[in-house]
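Here is the file target.txt (compact mmCIF, C-alpha atoms and all ligand atoms).
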# COMPACT_ATOMS: atom_id res chain seq x y z
CA MET Q 2 168.89 143.21 151.21
CA PRO Q 3 165.81 142.97 148.90
CA HIS Q 4 163.20 145.77 149.04
CA ARG Q 5 160.15 144.75 150.99
CA ILE Q 6 157.08 145.44 148.88
CA ILE Q 7 153.32 145.02 148.98
CA PHE Q 8 151.89 144.57 145.49
CA ASP Q 9 148.48 146.27 145.39
CA THR Q 10 146.77 145.27 142.16
CA ASP Q 11 143.53 145.44 140.22
CA SER Q 12 144.53 142.20 138.53
CA ALA Q 13 144.72 140.90 134.99
CA VAL Q 14 144.76 137.57 133.20
CA PHE Q 15 148.33 138.28 132.08
CA ASN Q 16 148.79 141.79 130.72
CA ASP Q 17 149.71 143.82 132.70
CA ASP Q 18 149.23 143.42 136.46
CA ALA Q 19 149.91 139.68 136.35
CA ALA Q 20 152.94 140.13 134.10
CA ALA Q 21 154.28 142.79 136.49
CA LEU Q 22 153.87 140.42 139.45
CA ALA Q 23 155.57 137.63 137.51
CA MET Q 24 158.49 139.96 136.77
CA LEU Q 25 158.88 140.97 140.41
CA ALA Q 26 158.59 137.39 141.65
CA GLY Q 27 161.41 136.48 139.27
CA ARG Q 28 163.89 138.64 141.18
CA PRO Q 29 163.71 137.63 144.86
CA ASP Q 30 167.28 138.90 145.19
CA VAL Q 31 165.97 142.46 144.61
CA VAL Q 32 162.35 142.33 145.75
CA ASP Q 33 160.74 140.62 148.72
CA ILE Q 34 156.99 140.44 148.02
CA LEU Q 35 155.36 140.45 151.46
CA GLY Q 36 151.87 140.10 150.04
CA VAL Q 37 149.51 140.78 147.17
CA THR Q 38 146.47 142.94 147.92
CA VAL Q 39 143.65 142.99 145.39
CA VAL Q 40 141.49 146.02 144.68
CA ALA Q 41 138.58 146.56 142.30
CA GLY Q 42 139.60 148.12 139.00
CA ASN Q 43 140.17 146.06 135.88
CA TYR Q 44 138.11 143.29 137.52
CA PRO Q 45 135.89 142.91 140.57
CA VAL Q 46 137.94 141.71 143.53
CA PRO Q 47 136.77 138.05 143.64
CA GLN Q 48 137.56 137.50 139.96
CA GLY Q 49 140.79 139.48 140.12
CA ALA Q 50 141.94 137.41 143.08
CA GLU Q 51 141.42 134.20 141.08
CA HIS Q 52 143.57 135.54 138.25
CA MET Q 53 146.37 136.44 140.62
CA LEU Q 54 146.18 133.16 142.57
CA HIS Q 55 146.41 131.30 139.29
CA LEU Q 56 149.43 133.34 138.27
CA LEU Q 57 151.15 132.74 141.61
CA GLU Q 58 150.56 128.99 141.28
CA LEU Q 59 151.82 129.00 137.69
CA ILE Q 60 155.12 130.60 138.64
CA GLY Q 61 155.58 128.50 141.79
CA ALA Q 62 155.09 131.50 144.08
CA ASP Q 63 151.90 130.46 145.84
CA ASP Q 64 153.58 130.92 149.21
CA ILE Q 65 153.06 134.68 148.66
CA PRO Q 66 149.88 135.53 150.60
CA LEU Q 67 146.99 137.24 148.83
CA TYR Q 68 144.46 139.51 150.56
CA LEU Q 69 141.09 140.72 149.29
CA GLY Q 70 140.58 144.46 149.33
CA ALA Q 71 138.06 147.17 148.51
CA GLU Q 72 135.25 146.02 146.23
CA SER Q 73 134.34 149.52 145.16
CA PRO Q 74 135.89 152.98 145.00
CA LEU Q 75 135.35 155.63 147.66
CA VAL Q 76 132.84 157.62 145.59
CA ASN Q 77 132.76 156.53 141.95
CA SER Q 78 130.19 153.89 141.01
CA PRO Q 79 128.56 152.31 137.95
CA ALA Q 80 125.64 154.74 138.33
CA GLN Q 81 127.90 157.76 138.56
CA ALA Q 82 129.91 156.53 135.55
CA ALA Q 83 126.67 156.23 133.58
CA ARG Q 84 125.78 159.82 134.50
CA GLN Q 85 129.26 160.95 133.46
CA GLU Q 86 128.90 159.26 130.07
CA ALA Q 87 125.41 160.65 129.49
CA ARG Q 88 126.56 164.20 130.16
CA TRP Q 89 130.14 164.37 128.93
CA GLY Q 90 130.76 161.48 126.55
CA PRO Q 91 132.13 157.96 126.69
CA VAL Q 92 134.49 156.44 129.20
CA SER Q 93 136.27 153.94 126.99
CA PHE Q 94 136.97 151.32 129.69
CA LYS Q 95 135.06 150.94 132.94
CA GLY Q 96 136.61 147.68 134.16
CA ALA Q 97 134.80 146.18 137.15
CA PHE Q 98 131.85 148.54 136.65
CA ASP Q 99 130.93 146.59 133.53
CA ALA Q 100 131.51 143.10 134.98
CA GLY Q 101 128.90 140.76 136.43
CA ASP Q 102 129.03 139.05 139.82
CA GLN Q 103 129.96 135.62 138.51
CA VAL Q 104 133.48 134.40 139.21
CA GLY Q 105 134.84 132.20 136.45
CA PRO Q 106 137.79 129.86 136.76
CA PRO Q 107 141.01 131.39 135.50
CA HIS Q 108 142.62 130.25 132.26
CA GLY Q 109 143.26 126.53 132.46
CA GLY Q 110 139.75 125.89 133.74
CA ARG Q 111 140.44 125.26 137.40
CA PHE Q 112 140.82 127.39 140.48
CA ALA Q 113 144.24 127.56 142.16
CA ALA Q 114 144.65 125.50 145.32
CA ALA Q 115 145.81 128.48 147.40
CA ARG Q 116 142.99 130.66 148.72
CA PRO Q 117 142.91 134.30 149.81
CA ARG Q 118 143.89 134.90 153.42
CA ALA Q 119 141.09 135.48 155.91
CA THR Q 120 142.53 138.90 156.82
CA GLY Q 121 141.49 141.71 154.52
CA ALA Q 122 143.87 143.87 152.50
CA VAL Q 123 143.42 146.94 154.71
CA PRO Q 124 144.34 145.22 158.03
CA PHE Q 125 147.25 143.52 156.23
CA LEU Q 126 148.55 146.86 154.94
CA ILE Q 127 148.25 148.44 158.39
CA ASP Q 128 149.86 145.54 160.20
CA THR Q 129 152.73 145.21 157.73
CA ILE Q 130 153.65 148.91 157.71
CA GLU Q 131 153.50 148.88 161.50
CA ARG Q 132 155.73 145.81 161.78
CA HIS Q 133 158.35 147.14 159.32
CA PRO Q 134 158.50 150.91 159.86
CA HIS Q 135 160.36 152.79 157.08
CA GLU Q 136 160.91 149.53 155.17
CA VAL Q 137 157.79 148.83 153.13
CA THR Q 138 157.40 150.04 149.54
CA LEU Q 139 153.75 150.14 148.46
CA VAL Q 140 153.51 149.26 144.78
CA ALA Q 141 150.02 150.37 143.71
CA VAL Q 142 149.22 149.34 140.15
CA GLY Q 143 145.46 149.74 140.37
CA PRO Q 144 143.10 152.32 141.85
CA MET Q 145 144.45 153.47 145.24
CA THR Q 146 141.35 152.56 147.28
CA ASN Q 147 143.08 149.99 149.53
CA VAL Q 148 145.95 152.35 150.33
CA ALA Q 149 143.56 155.24 150.98
CA LEU Q 150 141.40 153.17 153.34
CA ALA Q 151 144.40 151.85 155.28
CA LEU Q 152 145.94 155.29 155.72
CA ARG Q 153 142.60 156.94 156.44
CA GLN Q 154 142.24 154.50 159.32
CA ARG Q 155 145.85 155.01 160.42
CA PRO Q 156 147.17 158.35 159.13
CA ASP Q 157 150.04 158.08 161.62
CA LEU Q 158 151.47 155.29 159.43
CA ALA Q 159 151.95 157.47 156.32
CA PRO Q 160 155.41 158.73 157.41
CA LEU Q 161 156.38 155.14 158.23
CA VAL Q 162 155.87 153.91 154.66
CA LYS Q 163 159.24 153.79 152.93
CA ARG Q 164 157.91 154.73 149.52
CA LEU Q 165 154.78 154.66 147.38
CA VAL Q 166 155.29 153.72 143.75
CA PHE Q 167 152.11 153.93 141.71
CA MET Q 168 150.99 153.39 138.15
CA GLY Q 169 148.41 155.96 137.24
CA GLY Q 170 147.69 159.47 136.11
CA ASN Q 171 148.82 161.62 133.24
CA ALA Q 172 150.79 164.76 133.99
CA ARG Q 173 151.24 166.29 130.54
CA VAL Q 174 149.57 163.84 128.15
CA PRO Q 175 145.91 162.98 127.53
CA GLY Q 176 144.12 160.27 129.46
CA ASN Q 177 143.36 156.79 128.20
CA VAL Q 178 139.72 156.35 129.28
CA THR Q 179 138.56 159.93 128.78
CA PRO Q 180 140.45 162.76 127.14
CA ALA Q 181 141.38 163.90 130.66
CA ALA Q 182 141.82 160.78 132.76
CA GLU Q 183 143.87 157.60 133.06
CA PHE Q 184 141.95 154.48 134.19
CA ASN Q 185 143.37 153.85 137.68
CA LEU Q 186 142.87 157.44 138.76
CA TRP Q 187 139.52 157.77 137.00
CA PHE Q 188 138.18 154.67 138.78
CA ASP Q 189 138.94 156.16 142.21
CA PRO Q 190 140.08 159.78 142.03
CA GLU Q 191 139.12 160.53 145.64
CA ALA Q 192 141.41 157.75 146.88
CA ALA Q 193 144.32 159.00 144.77
CA GLN Q 194 143.80 162.57 145.92
CA ALA Q 195 143.74 161.50 149.58
CA VAL Q 196 146.86 159.35 149.24
CA LEU Q 197 148.86 161.97 147.35
CA ALA Q 198 148.12 164.49 150.09
CA LEU Q 199 149.67 162.27 152.79
CA PRO Q 200 153.18 162.77 154.17
CA ILE Q 201 154.57 159.57 152.64
CA PRO Q 202 158.32 160.24 152.50
CA ASP Q 203 158.77 159.34 148.84
CA THR Q 204 156.14 159.01 146.11
CA VAL Q 205 156.92 157.94 142.56
CA MET Q 206 154.39 158.20 139.73
CA PHE Q 207 154.42 156.01 136.64
CA GLY Q 208 151.74 157.74 134.60
CA LEU Q 209 150.91 157.59 130.92
CA ASP Q 210 153.68 160.15 130.30
CA VAL Q 211 156.23 157.37 130.72
CA THR Q 212 154.21 154.25 129.91
CA ASN Q 213 153.16 155.60 126.47
CA HIS Q 214 156.81 155.38 125.44
CA ALA Q 215 157.03 151.58 125.50
CA PRO Q 216 154.26 149.78 123.61
CA LEU Q 217 154.67 146.05 123.03
CA ARG Q 218 154.68 145.07 119.34
CA LYS Q 219 154.18 141.78 117.57
CA PRO Q 220 157.78 140.82 116.73
CA LEU Q 221 158.82 140.75 120.40
CA PHE Q 222 155.53 139.13 121.39
CA ASP Q 223 156.07 136.38 118.79
CA ARG Q 224 159.63 135.76 119.98
CA MET Q 225 158.49 135.52 123.58
CA VAL Q 226 155.57 133.15 123.02
CA ALA Q 227 157.78 130.94 120.84
CA THR Q 228 159.63 129.97 124.03
CA ASP Q 229 156.45 128.08 124.99
CA THR Q 230 156.64 128.07 128.78
CA PRO Q 231 153.63 127.97 131.14
CA LEU Q 232 153.92 131.74 131.51
CA THR Q 233 154.23 132.52 127.80
CA ARG Q 234 151.32 130.14 127.11
CA LEU Q 235 149.25 132.38 129.41
CA MET Q 236 150.65 135.42 127.59
CA ARG Q 237 149.60 133.90 124.27
CA HIS Q 238 146.11 133.07 125.56
CA ASP Q 239 145.58 136.61 126.79
CA MET Q 240 147.28 138.72 124.14
CA ALA Q 241 147.44 136.78 120.86
CA PRO Q 242 143.87 137.54 119.70
CA ARG Q 243 144.63 141.22 119.15
CA PHE Q 244 147.91 140.53 117.34
CA ASP Q 245 146.23 137.81 115.26
CA THR Q 246 143.67 140.24 113.90
CA ASP Q 247 146.03 143.20 113.50
CA THR Q 248 149.75 142.62 113.04
CA ALA Q 249 150.42 146.33 113.62
CA ALA Q 250 148.58 146.30 116.96
CA THR Q 251 150.29 147.44 120.14
CA TYR Q 252 149.77 146.65 123.80
CA GLN Q 253 150.48 149.05 126.60
CA VAL Q 254 152.29 147.21 129.38
CA TRP Q 255 151.76 149.93 132.01
CA ASP Q 256 152.35 148.10 135.29
CA CYS Q 257 155.30 146.16 133.88
CA ILE Q 258 157.29 149.38 133.50
CA THR Q 259 156.70 150.12 137.18
CA ALA Q 260 157.86 146.59 138.07
CA ALA Q 261 160.93 146.85 135.86
CA TRP Q 262 161.98 150.10 137.54
CA LEU Q 263 161.82 148.46 140.97
CA ILE Q 264 164.25 145.86 139.65
CA ASP Q 265 166.47 148.22 137.64
CA PRO Q 266 165.92 151.96 138.23
CA SER Q 267 168.24 152.82 135.34
CA ILE Q 268 165.46 152.03 132.84
CA VAL Q 269 163.94 155.47 133.53
CA THR Q 270 165.81 158.16 131.63
CA VAL Q 271 163.79 161.30 132.46
CA SER Q 272 161.89 162.26 135.58
CA GLU Q 273 160.92 165.49 137.31
CA ARG Q 274 159.68 166.46 140.74
CA LEU Q 275 156.24 167.93 140.13
CA PRO Q 276 153.20 168.95 142.17
CA ILE Q 277 150.45 166.65 140.91
CA ALA Q 278 146.79 167.49 141.43
CA VAL Q 279 143.90 165.04 140.97
CA ASP Q 280 140.60 166.41 139.68
CA THR Q 281 137.77 165.12 141.88
CA THR Q 282 135.12 167.53 140.62
CA PHE Q 283 132.35 165.54 138.97
CA GLY Q 284 132.62 166.79 135.40
CA PRO Q 285 134.27 165.98 132.09
CA THR Q 286 137.77 166.02 133.61
CA TYR Q 287 136.87 163.81 136.62
CA GLY Q 288 139.90 161.71 137.59
CA GLY Q 289 142.33 163.65 135.43
CA THR Q 290 145.69 164.70 136.81
CA SER Q 291 147.64 167.85 136.09
CA VAL Q 292 150.71 169.68 137.19
CA ALA Q 293 149.22 171.86 139.86
CA ALA Q 294 149.41 175.60 139.91
CA GLY Q 295 147.98 177.73 142.63
CA THR Q 296 147.73 177.69 146.37
CA PRO Q 297 148.12 175.75 148.47
CA PRO Q 298 150.55 173.87 146.26
CA ALA Q 299 150.06 170.12 145.90
CA ARG Q 300 152.78 167.91 147.40
CA THR Q 301 155.67 167.37 145.03
CA ILE Q 302 156.30 163.82 143.85
CA GLU Q 303 158.74 162.16 141.46
CA VAL Q 304 157.04 161.86 138.07
CA MET Q 305 158.61 159.45 135.61
CA LEU Q 306 158.61 160.80 132.06
CA ASP Q 307 160.69 158.61 129.75
CA VAL Q 308 162.13 155.12 129.62
CA ASP Q 309 165.00 153.35 127.86
CA ARG Q 310 162.77 151.15 125.71
CA GLU Q 311 165.45 148.64 124.78
CA LYS Q 312 166.65 148.18 128.33
CA PHE Q 313 163.08 147.84 129.58
CA PHE Q 314 162.06 145.27 126.98
CA ALA Q 315 165.28 143.27 127.54
CA LEU Q 316 164.30 142.91 131.20
CA TYR Q 317 160.64 142.23 130.32
CA GLU Q 318 161.60 139.49 127.89
CA ALA Q 319 164.19 137.86 130.14
CA LEU Q 320 161.90 137.74 133.17
CA LEU Q 321 158.77 136.58 131.38
CA THR Q 322 160.43 133.87 129.28
CA ARG Q 323 162.40 132.40 132.17
CA ARG Q 324 162.15 128.67 132.75
CA LEU Q 325 160.11 128.05 135.86
O1 LIG Q 401 145.66 152.85 132.74
C1 LIG Q 401 146.42 151.71 132.90
C2 LIG Q 401 146.19 151.06 134.24
O2 LIG Q 401 144.82 150.70 134.37
C3 LIG Q 401 146.98 149.79 134.43
O3 LIG Q 401 147.36 149.67 135.77
C4 LIG Q 401 145.98 148.74 134.04
O4 LIG Q 401 146.29 147.48 134.59
C5 LIG Q 401 144.71 149.31 134.63
O5 LIG Q 401 144.66 149.06 135.99
CA CA Q 402 146.72 147.58 136.94
Here is the file; what I need is its structure written in the form of structure tokens.
Amino acid sequence: MPHRIIFDTDSAVFNDDAAALAMLAGRPDVVDILGVTVVAGNYPVPQGAEHMLHLLELIGADDIPLYLGAESPLVNSPAQAARQEARWGPVSFKGAFDAGDQVGPPHGGRFAAARPRATGAVPFLIDTIERHPHEVTLVAVGPMTNVALALRQRPDLAPLVKRLVFMGGNARVPGNVTPAAEFNLWFDPEAAQAVLALPIPDTVMFGLDVTNHAPLRKPLFDRMVATDTPLTRLMRHDMAPRFDTDTAATYQVWDCITAAWLIDPSIVTVSERLPIAVDTTFGPTYGGTSVAAGTPPARTIEVMLDVDREKFFALYEALLTRRL
């Protein structure tokens, strides 16, 4: 029986949230996507939703319902981010904090026919976990605001989640938006801290420790876009500019590694159970994660550390170049 999942995303044009969703939707024998919930992160929610609706239409999966979620983090804000930068140096990517209010049509110039559901992401999360106790895997590939809000409202549901699989954090490697912090956890550290403290039976972290091991390079990109499908045309539109200007460029495909593992867990070659702490003190290490020492100990979670690059990219290529 396929795993029932909710895909909680901060969206992308293609790389990497949209590519991850396209991969998962390509294996309905393994994964049953009950819904897509959108959270602010890479993009503001209304724009992110349009990207994901476009993707779902493109791959013929627009029967998967999409729900709009939290438009801002629990505490972090554009003003706070500006104060952080003024005092402790640049945050290299601030996603939705730097975006305007205007919602543009996704690539292709027209909005998808399917619209977001009237229910919000938080009620959908609550209702779905309640209806399928011990069966729902939450796949959180953006800031964890939606998950935190749902489980703050209904903490009794945390033990009824089957598993939380999240992309974010950095256990033993530097961050990617500040020296200390990875983007998803920097955008909403308070949400991540709250969620990681909950008694969810199984939590799996795909942080930069593992995702750094599998950058996408131009030769594979070129081979994939040469297949010229609707999906690889979107891939080309989104990712070619960087490769065109720098043939040695690389792309991190963070969320896609999380998606690939849900389809084939054997892609991960090293993992450890570790107590992970999230730094929520407003300072230079805000949003950073570390292996916790001290008392009381943080809850122990499964932290993915290395990946079989060839196996991962074989799956990535096969799923994203499939004929639709
Ligand atoms: O740091 C990488 C993460 O931040 C990915 O999930 C990417 O999509 C952005 O959300
Ligand atoms: Ca993401």
Taking all atoms listed in the file into account, report as a ChimeraX atom specification which residues have an atom no farther than 6 Å from an atom of ligand CA 402 (chain Q). /Q:10-11,18,142-143,256
Taking only C-alpha atoms and all ligand atoms into account, produce a table as CSV in which each residue of chain Q with an atom at most 7 Å from an atom of ligand LIG 401 (chain Q) appears once, together with its shortest atom pair and the distance in Å to one decimal, ordered by chain and rising number.
residue,atom,partner,partner_atom,distance
Q:Asp11,CA,Q:LIG401,O5,5.7
Q:Ser12,CA,Q:LIG401,O4,6.8
Q:Ala13,CA,Q:LIG401,O4,6.8
Q:Asp17,CA,Q:LIG401,O4,5.4
Q:Asp18,CA,Q:LIG401,O4,5.4
Q:Gly42,CA,Q:LIG401,O5,6.0
Q:Asn43,CA,Q:LIG401,O5,5.4
Q:Val142,CA,Q:LIG401,O3,4.8
Q:Gly143,CA,Q:LIG401,O5,4.5
Q:Pro144,CA,Q:LIG401,O5,6.9
Q:Met168,CA,Q:LIG401,O3,5.7
Q:Gly169,CA,Q:LIG401,O1,6.1
Q:Asn177,CA,Q:LIG401,O1,6.4
Q:Glu183,CA,Q:LIG401,O1,5.1
Q:Phe184,CA,Q:LIG401,O1,4.3
Q:Asn185,CA,Q:LIG401,O2,4.8
Q:Trp255,CA,Q:LIG401,C3,5.4
Q:Asp256,CA,Q:LIG401,O3,5.3
Show me, as a list in words, the residues that have an atom within 7 Å of Q:Phe167 when counting all atoms listed in the file, minus same-chain residues fewer than 5 positions from it. Val140, Ala141, Val142, Val205, Met206 and Phe207 of chain Q
Need to verify the contact set: stretch 121-130 of chain Q, 7 Å, only C-alpha atoms, exclusion of same-chain residues closer than 4 positions in sequence. Can you return it as a PyMOL selection string? chain Q and resi 38+68-70+134+137+147+150-151+158+161-162
Select, from Q:Phe244, Q:Thr204, Q:Gly110, Q:Ala41, the residue with the minimum atom-to-atom distance to Q:Glu273, counting all atoms listed in the file.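 Nearest to Q:Glu273: Q:Thr204.
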Distance criterion (only C-alpha atoms): nearest to Q:Gln194 out of Q:Leu67, Q:Ala261, Q:Ile277, Q:Leu321: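 Among the listed residues, the smallest separation from Q:Gln194 belongs to Q:Ile277.
Coordinates place atom CA of Q:Leu306 at a distance of 29.2 Å from atom CA of Q:Ala82.
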Could you tell me which of Q:Val292, Q:Val254, Q:Leu263, Q:Val279 comes closest to Q:Ile34 if we count only C-alpha atoms? Q:Leu263
Could you pull the residues within 8 Å of stretch 101-107 of chain Q, counting all atoms listed in the file, minus those fewer than 4 positions along the same chain, as a list in words?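 Everything that qualifies: Val14, Pro45, Pro47, Gln48, Glu51, His52, His55, Arg111 and Phe112 of chain Q.
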Proximity to Q:Glu303 - best of Q:Thr246, Q:Thr286, Q:Thr146, Q:Ser272, all atoms listed in the file: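 The answer is Q:Ser272, which sits nearest to Q:Glu303.
The spacing separating atom CA of Q:Gly49 from atom CA of Q:Leu235 amounts to 15.4 Å.
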